[in-house]
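Notes for the one structure printed next.
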Amino acid sequence: MNNIGAKISMTNIEAIYLSGKNLYGDDFNLAQIAEWYKDEKEGYAELGANNTTTYQYVYHALNYQHAFKYIRKKQFNHVLGLGSAYGDEFLAIMPKINQITILEPSDAFVQDRVHGVPCKYIKPSLDGTMPF
């Protein structure tokens with residue numbers, strides 16, 4: 001177990017972060033961010049998402065309800081996914097996309113094409129800047 005939040009008791013976590021008053025990690029220094037990044041880099045993949053035979057993306061209806069039903073544009077030259085793993089959230093509009101860039105820390109999901117669309121994976125930086 002890491003020691004990122006070692007100074008914080010469970011009661012304090014509830015009072016400080018689960019209440020919505022603060023966002024966990026906003027007060028991290030660079031060393032704590034680096035430790036968190038290292039811990040989480042392969043976190044989603046290690047939960048089973050890297051197993052393509054059992055992995056299922058289950059948010060298509062939610063994406064449609066909150067986003068895709070409002071999209072009227074016929075074509076997107078270039079789209080950006082943040083932590084998008086295999087890029088499955090774009091399936092509903094994939095025919096409208098010419099190119100995808102995914103900001104993703106894990107190496108487990110990297111591929112040249114996402115459902116037939118050219119894709120480039122970029123690793124996020126510790127300071128939060130994006131090279132676009």
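Ordering of the structure tokens sets the chain letters (A, B, ...), residue numbers begin anew at 1 in every chain, and ligands are numbered from 1 in the order given.
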Problem - Contacts of Arg72 of chain A within 12 Å, only C-alpha atoms, excl. fewer than 4 positions in-chain, as a PyMOL selection string - result: chain A and resi 67-68+76+93+96
Practice task
Write out as number ranges by chain which residues come within 9 Å of Met94 of chain A when counting only C-alpha atoms, dropping same-chain ones fewer than 6 positions away.
Solution key: A: 114-117
Give me the residues near Ala34 of chain A as a tab-separated table (two decimals) with C-alpha atoms, in the first residue's frame, where near means some atom within 12 Å (using only C-alpha atoms) and where sequence neighbours in that chain fewer than 5 positions away do not count.
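out.tsv, written as the output of this step:
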```tsv
chain	number	residue	atom	x	y	z
A	2	ASN	CA	1.24	3.47	-0.80
A	4	ILE	CA	0.05	9.04	-0.30
A	25	GLY	CA	-5.14	14.91	-4.80
A	28	PHE	CA	-0.57	16.74	-3.51
A	29	ASN	CA	3.00	17.92	-3.99
A	39	ASP	CA	0.23	3.44	-8.58
A	40	GLU	CA	-2.55	4.22	-11.06
A	41	LYS	CA	-0.67	3.88	-14.38
A	124	PRO	CA	-0.12	12.31	-19.64
A	125	SER	CA	2.49	14.43	-17.87
A	126	LEU	CA	2.80	14.70	-14.10
A	127	ASP	CA	2.15	18.44	-14.16
A	128	GLY	CA	-1.12	18.05	-16.07
```
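Taking only C-alpha atoms, the non-local environment of Val58 of chain A within 12 Å (same-chain residues fewer than 5 positions away omitted) comprises Ala49, Asn63, Tyr64, Asp88, Glu89 and Leu91 of chain A.
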Problem - Members of chain A assigned strand (DSSP E or B) by DSSP, as a VMD selection string - result: chain A and resid 76 79 to 82 97 100 to 103 113 to 114 117 to 122
Would you mind exporting the chosen residues as a compact mmCIF listing (two decimals), in the first residue's frame, restricted to N, CA and C atoms?
```
# COMPACT_ATOMS: atom_id res chain seq x y z
N PHE A 76 -16.00 14.59 -37.68
CA PHE A 76 -15.00 15.13 -36.76
C PHE A 76 -13.63 14.78 -37.31
N VAL A 79 -10.55 13.72 -32.77
CA VAL A 79 -11.15 13.73 -31.43
C VAL A 79 -10.10 13.34 -30.39
N LEU A 80 -10.33 13.78 -29.16
CA LEU A 80 -9.42 13.51 -28.05
C LEU A 80 -10.16 12.71 -26.99
N GLY A 81 -9.55 11.61 -26.56
CA GLY A 81 -10.08 10.83 -25.45
C GLY A 81 -9.15 10.94 -24.26
N LEU A 82 -9.72 11.15 -23.08
CA LEU A 82 -8.92 11.25 -21.86
C LEU A 82 -9.08 9.97 -21.06
N ILE A 97 -15.60 9.98 -37.33
CA ILE A 97 -14.28 10.38 -36.85
C ILE A 97 -13.21 10.02 -37.88
N ILE A 100 -8.15 9.78 -34.04
CA ILE A 100 -8.32 9.83 -32.59
C ILE A 100 -6.95 9.99 -31.93
N THR A 101 -6.89 10.81 -30.89
CA THR A 101 -5.74 10.86 -30.00
C THR A 101 -6.26 10.53 -28.62
N ILE A 102 -5.58 9.61 -27.93
CA ILE A 102 -5.99 9.21 -26.59
C ILE A 102 -4.87 9.51 -25.60
N LEU A 103 -5.20 10.29 -24.59
CA LEU A 103 -4.29 10.58 -23.50
C LEU A 103 -4.49 9.47 -22.47
N ARG A 113 -4.89 1.61 -34.54
CA ARG A 113 -6.24 1.92 -35.01
C ARG A 113 -7.23 1.52 -33.93
N VAL A 114 -8.24 2.34 -33.76
CA VAL A 114 -9.33 2.05 -32.83
C VAL A 114 -10.58 1.84 -33.67
N VAL A 117 -10.23 3.30 -37.07
CA VAL A 117 -9.86 4.71 -37.19
C VAL A 117 -8.42 4.90 -36.68
N PRO A 118 -7.58 5.61 -37.44
CA PRO A 118 -6.20 5.85 -36.98
C PRO A 118 -6.18 6.49 -35.60
N CYS A 119 -5.28 5.98 -34.76
CA CYS A 119 -5.24 6.45 -33.37
C CYS A 119 -3.80 6.62 -32.91
N LYS A 120 -3.59 7.67 -32.13
CA LYS A 120 -2.29 7.94 -31.53
C LYS A 120 -2.49 8.04 -30.02
N TYR A 121 -1.66 7.34 -29.26
CA TYR A 121 -1.71 7.38 -27.80
C TYR A 121 -0.60 8.28 -27.28
N ILE A 122 -0.95 9.14 -26.35
CA ILE A 122 0.00 10.05 -25.71
C ILE A 122 -0.08 9.81 -24.20
```
Handout entry: Selected residue of minimal separation from Pro105 of chain A among A:Ile71, A:Ala61, A:Ala45, A:Ile16, counting only C-alpha atoms
Key = A:Ala45
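In terms of minimum interatomic distance to Val110 of chain A, A:Tyr86 ranks closest within A:Trp36, A:Tyr59, A:Phe132, A:Tyr86, counting only C-alpha atoms.
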Fill in the blank from the handout: A straight line from atom CA of Tyr70 of chain A to atom CA of Gln56 of chain A spans 24.5 Å
Problem - Between atom CA of Gln65 of chain A and atom CA of Phe90 of chain A, distance in Å (one decimal) - result: 13.7 Å
